[in-house]
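Pasting protein_6.txt here (compact mmCIF, C-alpha atoms and all ligand atoms):
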```
# COMPACT_ATOMS: atom_id res chain seq x y z
CA THR A 20 0.00 0.00 0.00
CA GLY A 21 3.07 2.26 -0.13
CA HIS A 22 1.86 4.12 -3.21
CA ILE A 23 -1.40 5.28 -1.61
CA THR A 24 -1.58 8.98 -0.83
CA LEU A 25 -3.27 9.69 2.45
CA ASP A 26 -5.57 12.71 2.60
CA SER A 27 -7.74 12.55 5.72
CA GLY A 28 -10.94 14.53 5.28
CA PHE A 29 -10.16 14.82 1.52
CA LYS A 30 -8.71 18.28 2.12
CA ASN A 31 -6.87 18.24 -1.16
CA THR A 32 -8.34 15.44 -3.22
CA GLY A 33 -10.72 16.02 -6.11
CA SER A 34 -13.34 13.28 -6.27
CA THR A 35 -14.99 14.28 -9.53
CA LYS A 36 -15.14 16.67 -12.45
CA SER A 37 -18.20 18.85 -12.09
CA ALA A 38 -19.85 21.63 -14.10
CA ILE A 39 -22.43 22.58 -11.48
CA THR A 40 -20.94 24.92 -8.89
CA PHE A 41 -17.79 27.02 -8.98
CA LEU A 42 -16.20 28.04 -5.71
CA ASP A 43 -13.05 30.09 -5.15
CA GLY A 44 -12.23 30.01 -1.46
CA GLU A 45 -9.45 32.58 -1.64
CA LEU A 46 -11.53 35.19 -3.44
CA GLY A 47 -14.86 34.33 -1.83
CA VAL A 48 -16.58 33.54 -5.14
CA LEU A 49 -19.59 31.24 -5.52
CA LYS A 50 -21.35 30.62 -8.84
CA TYR A 51 -24.03 28.16 -9.90
CA ARG A 52 -23.49 27.11 -13.52
CA GLY A 53 -21.41 30.27 -13.95
CA TYR A 54 -23.98 32.69 -12.49
CA PRO A 55 -22.81 34.68 -9.43
CA ILE A 56 -24.68 33.80 -6.24
CA GLU A 57 -25.27 37.52 -5.58
CA GLN A 58 -27.30 37.88 -8.82
CA LEU A 59 -29.25 34.68 -8.28
CA ALA A 60 -30.09 35.59 -4.67
CA GLU A 61 -31.37 38.98 -5.73
CA LYS A 62 -33.16 38.27 -8.99
CA SER A 63 -34.22 34.68 -9.11
CA THR A 64 -36.60 32.29 -7.38
CA PHE A 65 -35.70 29.01 -5.71
CA LEU A 66 -37.45 26.89 -8.33
CA GLU A 67 -35.66 28.77 -11.11
CA VAL A 68 -32.33 28.05 -9.40
CA ALA A 69 -33.33 24.41 -8.95
CA TYR A 70 -33.92 24.20 -12.72
CA LEU A 71 -30.58 25.87 -13.37
CA LEU A 72 -28.68 23.46 -11.13
CA ILE A 73 -30.41 20.31 -12.36
CA TYR A 74 -30.74 21.03 -16.08
CA GLY A 75 -27.73 23.31 -16.49
CA VAL A 76 -29.43 26.40 -17.97
CA LEU A 77 -31.79 29.09 -16.76
CA PRO A 78 -35.35 28.14 -17.76
CA THR A 79 -37.49 30.16 -20.15
CA ALA A 80 -40.80 31.36 -18.67
CA THR A 81 -42.55 28.40 -20.34
CA GLU A 82 -40.04 25.89 -19.04
CA LEU A 83 -40.38 27.26 -15.53
CA ASN A 84 -44.19 27.15 -15.73
CA ASP A 85 -44.04 23.60 -17.03
CA LEU A 86 -41.78 22.56 -14.15
CA GLN A 87 -44.11 24.20 -11.64
CA ALA A 88 -47.09 22.48 -13.27
CA VAL A 89 -45.57 19.01 -13.22
CA ILE A 90 -44.38 19.50 -9.63
CA SER A 91 -47.93 20.47 -8.65
CA ARG A 92 -49.15 17.08 -9.89
CA HIS A 93 -46.81 15.22 -7.52
CA THR A 94 -46.92 17.18 -4.27
CA LEU A 95 -49.07 14.70 -2.36
CA ILE A 96 -47.42 11.84 -0.53
CA HIS A 97 -48.99 8.40 -0.12
CA GLU A 98 -51.41 8.54 2.82
CA ASP A 99 -49.75 5.49 4.38
CA MET A 100 -46.58 7.52 4.88
CA LYS A 101 -48.46 9.30 7.66
CA LYS A 102 -48.33 6.08 9.66
CA PHE A 103 -44.58 6.54 10.02
CA LEU A 104 -45.17 10.08 11.24
CA ASP A 105 -47.71 8.83 13.77
CA GLY A 106 -45.17 6.34 15.04
CA TYR A 107 -42.32 8.77 15.74
CA PRO A 108 -42.17 10.23 19.24
CA SER A 109 -43.53 13.76 18.93
CA LYS A 110 -40.35 15.38 20.28
CA SER A 111 -37.96 13.39 18.07
CA HIS A 112 -35.58 15.34 15.90
CA PRO A 113 -37.06 16.43 12.55
CA MET A 114 -33.85 15.49 10.71
CA ALA A 115 -34.21 11.85 11.81
CA GLN A 116 -37.80 11.85 10.57
CA LEU A 117 -36.82 13.55 7.32
CA ALA A 118 -34.05 11.08 6.51
CA SER A 119 -36.26 8.08 7.11
CA LEU A 120 -39.34 9.49 5.34
CA VAL A 121 -37.29 10.39 2.27
CA CYS A 122 -35.73 6.93 2.21
CA SER A 123 -39.15 5.33 2.55
CA LEU A 124 -40.30 7.16 -0.60
CA SER A 125 -38.47 4.32 -2.37
CA THR A 126 -40.96 1.86 -0.90
CA PHE A 127 -44.00 3.83 -2.08
CA TYR A 128 -42.55 4.82 -5.45
CA PRO A 129 -40.50 1.72 -6.30
CA GLU A 130 -40.13 2.60 -9.97
CA SER A 131 -37.17 4.66 -8.78
CA LEU A 132 -35.34 1.49 -7.83
CA ASN A 133 -34.31 0.51 -11.31
CA ALA A 134 -30.70 1.46 -11.95
CA ASN A 135 -31.33 1.13 -15.71
CA SER A 136 -34.26 3.54 -15.73
CA SER A 137 -34.82 5.58 -18.86
CA LYS A 138 -34.01 9.28 -18.88
CA GLU A 139 -37.72 10.06 -18.55
CA GLU A 140 -38.18 7.77 -15.56
CA MET A 141 -35.11 9.26 -13.87
CA ASN A 142 -36.43 12.75 -14.51
CA LEU A 143 -39.81 11.85 -13.04
CA THR A 144 -38.12 10.53 -9.91
CA MET A 145 -36.25 13.83 -9.53
CA ILE A 146 -39.49 15.79 -10.00
CA LYS A 147 -41.33 13.61 -7.49
CA LEU A 148 -38.63 14.18 -4.90
CA LEU A 149 -38.66 17.96 -5.47
CA ALA A 150 -42.46 17.93 -5.27
CA LYS A 151 -42.89 15.74 -2.20
CA PHE A 152 -40.04 17.10 -0.09
CA PRO A 153 -41.81 20.31 1.09
CA THR A 154 -44.92 18.27 1.92
CA ILE A 155 -42.84 15.87 4.04
CA VAL A 156 -41.12 18.80 5.80
CA SER A 157 -44.42 20.48 6.60
CA PHE A 158 -46.00 17.25 7.85
CA ILE A 159 -43.04 16.75 10.22
CA TYR A 160 -43.46 20.30 11.49
CA LYS A 161 -47.23 20.11 11.97
CA LYS A 162 -46.89 16.79 13.74
CA SER A 163 -44.32 18.30 16.14
CA LEU A 164 -46.95 20.89 17.09
CA GLY A 165 -49.75 18.36 17.25
CA HIS A 166 -51.60 20.38 14.62
CA PRO A 167 -53.62 19.01 11.71
CA LEU A 168 -51.60 18.50 8.55
CA ILE A 169 -52.04 21.02 5.76
CA TYR A 170 -52.12 19.58 2.27
CA PRO A 171 -50.40 21.17 -0.72
CA LYS A 172 -52.36 23.69 -2.74
CA ASN A 173 -51.61 23.78 -6.42
CA LYS A 174 -52.59 27.41 -6.88
CA TYR A 175 -49.39 28.46 -5.12
CA ASP A 176 -45.84 28.54 -6.42
CA TYR A 177 -43.26 26.20 -4.85
CA VAL A 178 -42.12 28.39 -1.95
CA THR A 179 -45.52 29.95 -1.20
CA ASN A 180 -47.05 26.49 -1.11
CA PHE A 181 -44.40 25.43 1.36
CA MET A 182 -44.99 28.43 3.60
CA ASN A 183 -48.74 27.81 3.45
CA MET A 184 -48.29 24.19 4.51
CA ILE A 185 -46.06 25.35 7.38
CA PHE A 186 -48.06 28.27 8.71
CA GLY A 187 -51.50 27.58 7.23
CA GLN A 188 -54.51 26.36 9.16
CA ARG A 189 -57.36 24.06 8.24
CA THR A 190 -59.98 26.43 9.55
CA GLU A 191 -59.25 29.48 7.43
CA GLU A 192 -57.09 30.74 4.60
CA ILE A 193 -54.07 32.68 5.76
CA GLU A 194 -52.35 35.61 4.06
CA ILE A 195 -48.79 34.72 3.18
CA ASP A 196 -46.64 37.80 3.51
CA PRO A 197 -44.64 38.30 0.27
CA VAL A 198 -41.75 39.60 2.41
CA VAL A 199 -41.60 36.20 4.10
CA VAL A 200 -41.80 34.32 0.79
CA SER A 201 -39.05 36.45 -0.68
CA ALA A 202 -36.81 35.92 2.37
CA MET A 203 -37.40 32.19 2.16
CA ASN A 204 -36.53 32.18 -1.55
CA THR A 205 -33.26 33.97 -0.81
CA LEU A 206 -32.29 31.57 1.97
CA LEU A 207 -33.11 28.48 -0.08
CA ILE A 208 -31.16 29.82 -3.08
CA LEU A 209 -28.08 30.47 -0.91
CA HIS A 210 -28.15 26.87 0.29
CA ALA A 211 -28.99 25.24 -3.05
CA ASP A 212 -25.55 23.83 -3.86
CA HIS A 213 -21.99 24.00 -2.63
CA GLU A 214 -19.97 21.58 -4.76
CA GLN A 215 -18.39 18.56 -3.04
CA ASN A 216 -19.37 19.25 0.58
CA CYS A 217 -19.92 16.40 3.05
CA SER A 218 -23.58 15.74 2.21
CA SER A 219 -23.26 16.16 -1.58
CA SER A 220 -20.22 13.88 -1.67
CA THR A 221 -22.29 11.42 0.33
CA VAL A 222 -25.14 11.58 -2.18
CA ARG A 223 -22.68 10.95 -5.02
CA ILE A 224 -20.86 8.12 -3.31
CA VAL A 225 -24.06 6.36 -2.22
CA GLY A 226 -25.56 6.91 -5.68
CA SER A 227 -22.41 5.55 -7.32
CA SER A 228 -23.42 2.05 -6.22
CA ASP A 229 -26.53 2.57 -8.44
CA CYS A 230 -28.63 3.08 -5.35
CA ASN A 231 -31.87 4.97 -6.09
CA LEU A 232 -32.19 8.75 -5.72
CA TYR A 233 -34.41 8.71 -2.62
CA ALA A 234 -32.00 6.49 -0.67
CA SER A 235 -29.00 8.52 -1.87
CA VAL A 236 -30.58 11.80 -0.79
CA SER A 237 -31.63 10.26 2.52
CA ALA A 238 -27.94 9.52 3.16
CA GLY A 239 -27.15 13.14 2.28
CA ILE A 240 -29.72 14.31 4.83
CA SER A 241 -27.99 12.25 7.52
CA ALA A 242 -24.63 13.75 6.58
CA LEU A 243 -26.11 17.25 6.73
CA TRP A 244 -27.52 16.72 10.21
CA GLY A 245 -24.17 16.95 12.04
CA PRO A 246 -23.25 20.25 13.74
CA LEU A 247 -20.02 20.56 11.74
CA HIS A 248 -22.16 20.70 8.57
CA GLY A 249 -25.82 21.78 8.26
CA GLY A 250 -26.55 21.23 11.93
CA ALA A 251 -24.43 24.32 12.60
CA ASN A 252 -27.44 26.60 12.01
CA GLN A 253 -29.25 25.08 14.99
CA ALA A 254 -26.02 25.03 17.02
CA VAL A 255 -25.44 28.76 16.35
CA ILE A 256 -28.76 29.84 17.84
CA GLU A 257 -28.30 27.51 20.79
CA MET A 258 -24.86 29.04 21.32
CA LEU A 259 -26.18 32.60 21.08
CA GLU A 260 -28.96 31.79 23.54
CA LEU A 261 -26.42 30.28 25.92
CA ILE A 262 -24.22 33.39 25.72
CA LYS A 263 -27.25 35.59 26.28
CA ALA A 264 -28.35 33.58 29.33
CA ASP A 265 -24.78 33.73 30.59
CA GLY A 266 -24.94 37.55 30.68
CA GLY A 267 -23.81 38.29 27.12
CA ASP A 268 -20.07 38.28 27.86
CA THR A 269 -18.82 37.67 24.30
CA GLU A 270 -15.17 38.07 25.33
CA LYS A 271 -15.44 35.05 27.63
CA TRP A 272 -16.89 32.87 24.87
CA ILE A 273 -14.32 33.98 22.33
CA ASN A 274 -11.64 32.91 24.80
CA LYS A 275 -13.36 29.55 25.25
CA ALA A 276 -13.34 29.03 21.47
CA LYS A 277 -9.61 29.81 21.38
CA ASP A 278 -8.78 27.47 24.27
CA LYS A 279 -7.48 24.20 22.84
CA ASN A 280 -8.37 22.37 26.06
CA ASP A 281 -11.98 23.43 25.72
CA PRO A 282 -14.06 21.49 23.18
CA PHE A 283 -16.22 24.57 22.53
CA ARG A 284 -16.02 25.93 18.98
CA MET A 285 -17.45 29.16 17.69
CA MET A 286 -20.38 27.71 15.78
CA GLY A 287 -21.03 29.36 12.43
CA PHE A 288 -17.35 30.24 12.07
CA GLY A 289 -14.77 28.72 9.77
CA HIS A 290 -15.00 26.84 6.52
CA ARG A 291 -12.98 24.18 4.78
CA VAL A 292 -12.78 26.14 1.53
CA TYR A 293 -13.51 29.83 2.19
CA LYS A 294 -10.45 31.53 3.61
CA ASN A 295 -11.37 35.22 3.26
CA PHE A 296 -15.11 35.36 3.61
CA ASP A 297 -18.16 33.28 2.80
CA PRO A 298 -20.09 35.18 0.09
CA ARG A 299 -23.33 33.61 1.33
CA ALA A 300 -22.71 35.00 4.83
CA LYS A 301 -22.39 38.51 3.39
CA ILE A 302 -25.77 38.23 1.67
CA ILE A 303 -27.40 36.62 4.70
CA LYS A 304 -26.15 39.24 7.11
CA LYS A 305 -27.74 41.98 5.04
CA ALA A 306 -30.93 39.96 4.51
CA CYS A 307 -31.11 39.41 8.25
CA ASP A 308 -31.03 43.15 8.97
CA ASP A 309 -33.60 43.84 6.23
CA ILE A 310 -36.05 41.14 7.24
CA LEU A 311 -35.99 41.88 10.93
CA GLU A 312 -36.62 45.51 10.13
CA LYS A 313 -39.43 44.75 7.68
CA LEU A 314 -41.11 42.40 10.13
CA GLY A 315 -40.51 44.80 13.02
CA ILE A 316 -38.67 42.19 15.07
CA ASN A 317 -36.03 43.03 17.63
CA ASP A 318 -34.07 39.90 18.43
CA PRO A 319 -31.51 40.35 21.22
CA VAL A 320 -29.37 37.47 19.94
CA LEU A 321 -28.69 39.49 16.78
CA GLU A 322 -26.79 42.00 18.91
CA ILE A 323 -24.78 39.20 20.48
CA ALA A 324 -24.04 37.74 17.04
CA LYS A 325 -22.77 41.10 15.78
CA LYS A 326 -20.62 41.63 18.89
CA LEU A 327 -19.12 38.15 18.51
CA GLU A 328 -18.40 38.68 14.84
CA GLU A 329 -16.75 42.03 15.47
CA ALA A 330 -14.59 40.72 18.30
CA ALA A 331 -13.59 37.57 16.41
CA LEU A 332 -12.65 39.44 13.24
CA SER A 333 -10.13 41.57 15.13
CA ASP A 334 -8.68 38.67 17.13
CA PRO A 335 -5.34 37.18 15.98
CA TYR A 336 -6.56 33.61 16.66
CA PHE A 337 -9.36 33.99 14.10
CA ILE A 338 -7.30 36.14 11.73
CA ASP A 339 -4.36 33.70 11.64
CA ARG A 340 -6.63 30.73 11.00
CA LYS A 341 -8.74 32.67 8.49
CA LEU A 342 -11.94 31.97 10.39
CA TYR A 343 -14.91 34.04 9.21
CA PRO A 344 -18.66 33.74 9.74
CA ASN A 345 -20.11 31.14 7.40
CA VAL A 346 -23.58 30.75 5.88
CA ASP A 347 -24.96 29.32 9.11
CA PHE A 348 -24.01 32.24 11.35
CA TYR A 349 -26.96 34.48 10.54
CA SER A 350 -29.41 32.11 8.81
CA GLY A 351 -30.92 30.86 12.08
CA ILE A 352 -31.80 34.38 13.17
CA ILE A 353 -33.80 34.80 9.97
CA TYR A 354 -35.51 31.41 10.27
CA ARG A 355 -36.48 32.35 13.79
CA ALA A 356 -37.83 35.73 12.67
CA LEU A 357 -39.95 33.88 10.09
CA GLY A 358 -41.42 31.78 12.90
CA PHE A 359 -39.54 28.47 12.64
CA PRO A 360 -38.49 26.62 15.81
CA THR A 361 -34.78 25.90 16.25
CA ASP A 362 -34.90 22.18 15.51
CA MET A 363 -36.39 22.86 12.06
CA PHE A 364 -33.42 24.95 10.87
CA THR A 365 -31.36 22.08 9.50
CA VAL A 366 -34.45 20.70 7.76
CA LEU A 367 -34.74 24.04 5.96
CA PHE A 368 -31.10 23.75 4.94
CA ALA A 369 -31.97 20.30 3.53
CA LEU A 370 -34.89 21.72 1.56
CA GLY A 371 -32.53 24.32 0.11
CA ARG A 372 -29.78 21.81 -0.67
CA LEU A 373 -32.16 19.36 -2.38
CA PRO A 374 -31.69 20.68 -5.95
CA GLY A 375 -27.93 20.51 -5.43
CA TRP A 376 -28.08 16.90 -4.28
CA ILE A 377 -30.28 16.00 -7.25
CA ALA A 378 -27.99 17.81 -9.69
CA GLN A 379 -24.90 16.09 -8.24
CA TRP A 380 -26.56 12.67 -8.42
CA LYS A 381 -27.69 13.28 -12.01
CA GLU A 382 -24.28 14.53 -13.12
CA MET A 383 -22.57 11.54 -11.53
CA HIS A 384 -24.80 9.19 -13.54
CA GLU A 385 -24.51 11.15 -16.76
CA ASN A 386 -20.72 11.11 -16.45
CA LYS A 387 -20.90 7.35 -15.87
CA GLU A 388 -18.65 7.69 -12.87
CA PRO A 389 -17.30 4.48 -11.33
CA ILE A 390 -18.36 3.34 -7.88
CA GLY A 391 -16.81 5.51 -5.15
CA ARG A 392 -14.32 3.44 -3.23
CA PRO A 393 -11.47 5.24 -1.42
CA ARG A 394 -8.33 3.40 -0.38
CA GLN A 395 -6.64 3.44 3.02
CA VAL A 396 -3.25 3.18 4.66
CA TYR A 397 -3.41 0.11 6.89
CA VAL A 398 -1.82 0.66 10.32
CA GLY A 399 -3.18 -2.35 12.24
CA ASN A 400 -1.58 -5.61 13.33
CA VAL A 401 -0.15 -8.06 10.81
CA ASP A 402 0.72 -11.74 11.12
CA MET A 403 -1.44 -12.57 14.11
CA GLU A 404 -1.93 -16.21 15.01
CA PHE A 405 -5.40 -17.25 16.29
CA VAL A 406 -5.48 -18.05 20.04
CA ASP A 407 -8.24 -20.26 21.45
CA ILE A 408 -10.63 -18.38 23.69
CA GLU A 409 -9.65 -20.21 26.89
CA LYS A 410 -6.01 -19.30 26.34
CA ARG A 411 -6.53 -15.52 25.96
N1 LIG B 1 -13.97 27.91 16.46
C1 LIG B 1 -12.72 27.85 16.95
N2 LIG B 1 -11.65 27.36 16.28
C2 LIG B 1 -11.87 26.90 15.06
C3 LIG B 1 -13.13 26.92 14.46
C4 LIG B 1 -14.21 27.44 15.20
N3 LIG B 1 -15.44 27.48 14.68
N4 LIG B 1 -13.08 26.39 13.20
C5 LIG B 1 -11.79 26.06 13.02
N5 LIG B 1 -11.04 26.36 14.14
C6 LIG B 1 -9.59 26.20 14.31
C7 LIG B 1 -9.23 24.74 14.55
O1 LIG B 1 -9.23 24.45 15.92
C8 LIG B 1 -7.86 24.66 13.93
O2 LIG B 1 -6.96 25.26 14.82
P1 LIG B 1 -5.42 24.74 14.94
O3 LIG B 1 -4.82 24.93 13.59
O4 LIG B 1 -4.82 25.57 16.00
O5 LIG B 1 -5.53 23.28 15.33
C9 LIG B 1 -7.97 25.57 12.70
O6 LIG B 1 -8.98 26.53 13.06
C10 LIG B 1 -8.37 24.85 11.40
O7 LIG B 1 -9.62 24.19 11.64
P2 LIG B 1 -9.98 22.73 11.11
O8 LIG B 1 -10.94 22.12 12.05
O9 LIG B 1 -8.71 21.97 10.81
O10 LIG B 1 -10.67 23.09 9.74
P3 LIG B 1 -11.62 22.15 8.87
O11 LIG B 1 -11.53 22.64 7.48
O12 LIG B 1 -11.32 20.71 9.12
O13 LIG B 1 -13.08 22.43 9.48
C11 LIG B 1 -15.21 23.41 9.88
C12 LIG B 1 -13.99 23.30 8.92
C13 LIG B 1 -16.31 24.21 9.20
C14 LIG B 1 -15.72 22.00 10.20
C15 LIG B 1 -14.75 24.12 11.18
O14 LIG B 1 -14.33 25.43 10.89
C16 LIG B 1 -15.84 24.14 12.26
O15 LIG B 1 -15.96 23.19 13.02
N6 LIG B 1 -16.68 25.24 12.33
C17 LIG B 1 -17.79 25.31 13.26
C18 LIG B 1 -18.99 24.55 12.70
C19 LIG B 1 -19.65 25.26 11.55
O16 LIG B 1 -19.94 26.43 11.61
N7 LIG B 1 -19.95 24.50 10.48
C20 LIG B 1 -20.66 25.02 9.29
C21 LIG B 1 -19.79 25.06 8.08
S1 LIG B 1 -20.47 26.04 6.73
C22 LIG B 1 -21.95 25.31 6.24
C23 LIG B 1 -21.92 23.85 6.04
O17 LIG B 1 -21.00 23.26 5.49
O18 LIG B 1 -22.89 23.23 6.45
```
Exercise: express the given structure as C-alpha cells:
Amino acid sequence: TGHITLDSGFKNTGSTKSAITFLDGELGVLKYRGYPIEQLAEKSTFLEVAYLLIYGVLPTATELNDLQAVISRHTLIHEDMKKFLDGYPSKSHPMAQLASLVCSLSTFYPESLNANSSKEEMNLTMIKLLAKFPTIVSFIYKKSLGHPLIYPKNKYDYVTNFMNMIFGQRTEEIEIDPVVVSAMNTLLILHADHEQNCSSSTVRIVGSSDCNLYASVSAGISALWGPLHGGANQAVIEMLELIKADGGDTEKWINKAKDKNDPFRMMGFGHRVYKNFDPRAKIIKKACDDILEKLGINDPVLEIAKKLEEAALSDPYFIDRKLYPNVDFYSGIIYRALGFPTDMFTVLFALGRLPGWIAQWKEMHENKEPIGRPRQVYVGNVDMEFVDIEKR
C-alpha cells in the first residue's frame, strides 16, 4: 500500500469533475453554472435556481411554468406515509424523521429502484422528490406541534405552497406575507448547492453504487444533520442563547473558542474552503437586517451575534486561521424571525440543498462515474496467530 496517498478529510483530493458549482475560497466567489450567487439571490426564485442546477441552464418562462405544473401534480405523498409520522415520538428530531421518510419514498414509489431507468423515468423521480419534499417537511413540522396536517395547494408557487403548509390552518385561509416568501426564496437559493461538501459527496458516493435517488438523498440528509455541517445553524442559535443567558459576555466565549483544552467551537465560524469570507454570509447578514426591520422584530441574539463577529474578526486567533462567519451564522436568526423553531433549521437547509443533491446525483450518472471506493493506509496488526478463547 506504499503508493497510496493519504488525505484525511479529503482536504486536497478532487473526487470528480463537475460543471455545477464554482467556488473560489481565496476570493470568496460562488457561482451556480457560472452565475454569481449575488445575482441569483437577488433576482431569481428558488425553483428557477433548482432548474438551473439540475438542467444546467436558466429556464425560459414556459419551461419554468411547465416545471411548476408538473411539480404540482406530484406534491401529495402516499397517505400510508403518515403512519410513520404517527409512530415517531412527537419530540424526536425532525432530521431523523426527514431522513427516514425520504428513504421510505423508495418503498411507495419503487419505480425509482431501477438502476437502468430511462431518462424520462429518472427525470420523473427527480421531480417527485422535489415535489414531495416540502410536503414531508411540513407534515413533520405540523406533527411536532400536534396540529392538523395542511395539504399542498396547487394554486401556489413552490415556496408559497411550502410556507402555506407550514403556517396555514385548516380552519381558514391565511395571508402569506410576500416579504416572508421572498426571504425564504433567498435563503433556499443560498443553500442550493456547494460543490463537493460532506452531504453532496455522500449523495454521489451512495448513488455511485446505483442506489436509487431517494435512498441517496436520505444519506445526504444524515450527513447534513451533524453540527459541523448543516446542523451548525441550529447550534449557532443555541450558542447565542447560551451566551445571552450567561450575561452576554462575548469576550469570555471567544476565549473559550480559542482554548485548545476546551471542546467549545465558535459555531457558524470557519469553513474548509472559504479563507477570506463566505459570500453567502455577506448576503445573509444583510438579509437578516432587512427582514428583521421589515417584520418589526427586535431579536436580542442578533446584537450578540454582531458583537461576537466584530470581536472575532479583530482577534489574531481567528485572523491567523482565516476563520470568518459562514452561511450558518446568521441564517438561524432569519428562520427564527420567520417563525420556525430551532430544531427545524437544519431541515430548511436540507430543503434548500435538495436541488444541489439532485444535480450532483444526475451529473454523476450522466458522467458514468465508477463506484466511489477510497483506499486506506493500513496501520493495524499483521501476522497474528489465532489463540483459542480459553487461552486468551
Ligand atoms: N472555532 C474555533 N476554532 C476553530 C473553528 C471554530 N469554529 N473552526 C476552526 N477552528 C480552528 C481549529 O481548531 C484549527 O486550529 P489549529 O490549527 O490551531 O488546530 C484551525 O482553526 C483549522 O480548523 P480545522 O478544524 O482543521 O478546519 P476544517 O476545514 O477541518 O473544518 C469546519 C472546517 C467548518 C468543520 C470548522 O471550521 C468548524 O468546526 N466550524 C464550526 C462549525 C460550523 O460552523 N460549520 C458550518 C460550516 S459552513 C456550512 C456547512 O457546510 O454546512
Using all atoms listed in the file, which residues of segment 186-282 of chain A come within 10 Å of segment 43-59 of chain A, and what is the closest atom pair for each, with the distance in Å to one decimal? Give it as JSON lines, sorted by chain and residue number.
```
{"residue": "A:Thr205", "atom": "CA", "partner": "A:Leu59", "partner_atom": "CA", "distance": 8.5}
{"residue": "A:Ile208", "atom": "CA", "partner": "A:Leu59", "partner_atom": "CA", "distance": 7.4}
{"residue": "A:Leu209", "atom": "CA", "partner": "A:Ile56", "partner_atom": "CA", "distance": 7.1}
{"residue": "A:Ala211", "atom": "CA", "partner": "A:Tyr51", "partner_atom": "CA", "distance": 8.9}
{"residue": "A:Asp212", "atom": "CA", "partner": "A:Tyr51", "partner_atom": "CA", "distance": 7.6}
{"residue": "A:His213", "atom": "CA", "partner": "A:Leu49", "partner_atom": "CA", "distance": 8.2}
{"residue": "A:Glu214", "atom": "CA", "partner": "A:Tyr51", "partner_atom": "CA", "distance": 9.3}
```
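As for atom CA of Thr179 of chain A and atom CA of Gly249 of chain A, they are spaced 23.3 Å apart.
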Give me the chain A side of the contact with ligand LIG 1 (chain B), cut-off 6 Å, one line per residue showing its nearest atom pair and distance in Å at one decimal, counting only C-alpha atoms and all ligand atoms, sorted by chain and residue number, as a tab-separated table.
```
residue	atom	partner	partner_atom	distance
A:Leu247	CA	B:LIG1	N7	4.1
A:His248	CA	B:LIG1	O18	3.4
A:Gly249	CA	B:LIG1	O18	3.7
A:Ala251	CA	B:LIG1	N7	5.0
A:Ala276	CA	B:LIG1	C1	4.7
A:Lys277	CA	B:LIG1	C1	5.8
A:Arg284	CA	B:LIG1	N1	3.8
A:Met285	CA	B:LIG1	N1	3.9
A:Met286	CA	B:LIG1	C17	4.3
A:Gly287	CA	B:LIG1	O16	3.2
A:Phe288	CA	B:LIG1	N3	4.3
A:Gly289	CA	B:LIG1	O14	3.5
A:His290	CA	B:LIG1	C13	4.0
A:Arg291	CA	B:LIG1	O11	3.4
A:Arg340	CA	B:LIG1	O6	5.2
A:Asn345	CA	B:LIG1	S1	5.2
A:Val346	CA	B:LIG1	C22	5.7
A:Asp347	CA	B:LIG1	C22	5.8
```
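The shortest atom-to-atom distance to Ser37 of chain A, with all atoms listed in the file taken into account, belongs to A:His384 out of A:His384, A:Lys301, A:His112, A:Lys174.
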Two-atom distance - atom CA of Lys172 of chain A, atom CA of Leu95 of chain A (Å):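 Value for the atom CA of Lys172 of chain A-atom CA of Leu95 of chain A distance: 9.6 Å.
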Would you please work out which residue, of A:Val292, A:Cys122, A:Ala356, A:Val222, is nearest to Lys30 of chain A when using only C-alpha atoms?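 Ranking A:Val292, A:Cys122, A:Ala356, A:Val222 by distance to Lys30 of chain A, first place goes to A:Val292.
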Go ahead and compute the interatomic distance for atom CA of Met145 of chain A and atom CA of Ala202 of chain A, in Å to one decimal. 25.1 Å
Quick one: everything within 8 Å of Ile146 of chain A, counting all atoms listed in the file, minus sequence neighbours fewer than 3 positions away in the same chain. Send it as a list in words.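 With the cut-off at 8 Å, the set is Val89, Ile90, His93, Asn142, Leu143, Leu149 and Ala150 of chain A.
Nearest residue to Leu232 of chain A among A:Ser350, A:Ser131, A:Thr81, A:Thr32 is A:Ser131, counting all atoms listed in the file.
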Using all atoms listed in the file, the shortest atom-to-atom distance to Thr144 of chain A among A:Asn317, A:Asn84, A:Asn231, A:Asn280 belongs to A:Asn231
Set the distance at 10 Å and use all atoms listed in the file: which residues neighbour Pro374 of chain A once local chain neighbours fewer than 3 positions away are removed? I'd like the list as a ChimeraX atom specification. /A:65-66,68-73,145,148-149,207-208,210-212,369-371,377-380
Kindly provide, as a short mmCIF file (atom, residue, chain, number, x, y, z; two decimals) with C-alpha atoms, keeping the file's coordinate frame, the polymer residues lying within 8 Å of (-46.7, 27.5, 9.4), counting all atoms listed in the file and using the coordinates exactly as they appear in the file.
```cif
data_model
loop_
_atom_site.label_atom_id
_atom_site.label_comp_id
_atom_site.auth_asym_id
_atom_site.auth_seq_id
_atom_site.Cartn_x
_atom_site.Cartn_y
_atom_site.Cartn_z
CA SER A 157 -44.42 20.48 6.60
CA LYS A 161 -47.23 20.11 11.97
CA MET A 182 -44.99 28.43 3.60
CA ASN A 183 -48.74 27.81 3.45
CA MET A 184 -48.29 24.19 4.51
CA ILE A 185 -46.06 25.35 7.38
CA PHE A 186 -48.06 28.27 8.71
CA GLY A 187 -51.50 27.58 7.23
CA GLN A 188 -54.51 26.36 9.16
CA GLY A 358 -41.42 31.78 12.90
CA PHE A 359 -39.54 28.47 12.64
#
```
Counting all atoms listed in the file, the option among A:Lys147, A:Leu332, A:Tyr107, A:Asp281 closest to Leu86 of chain A: A:Lys147
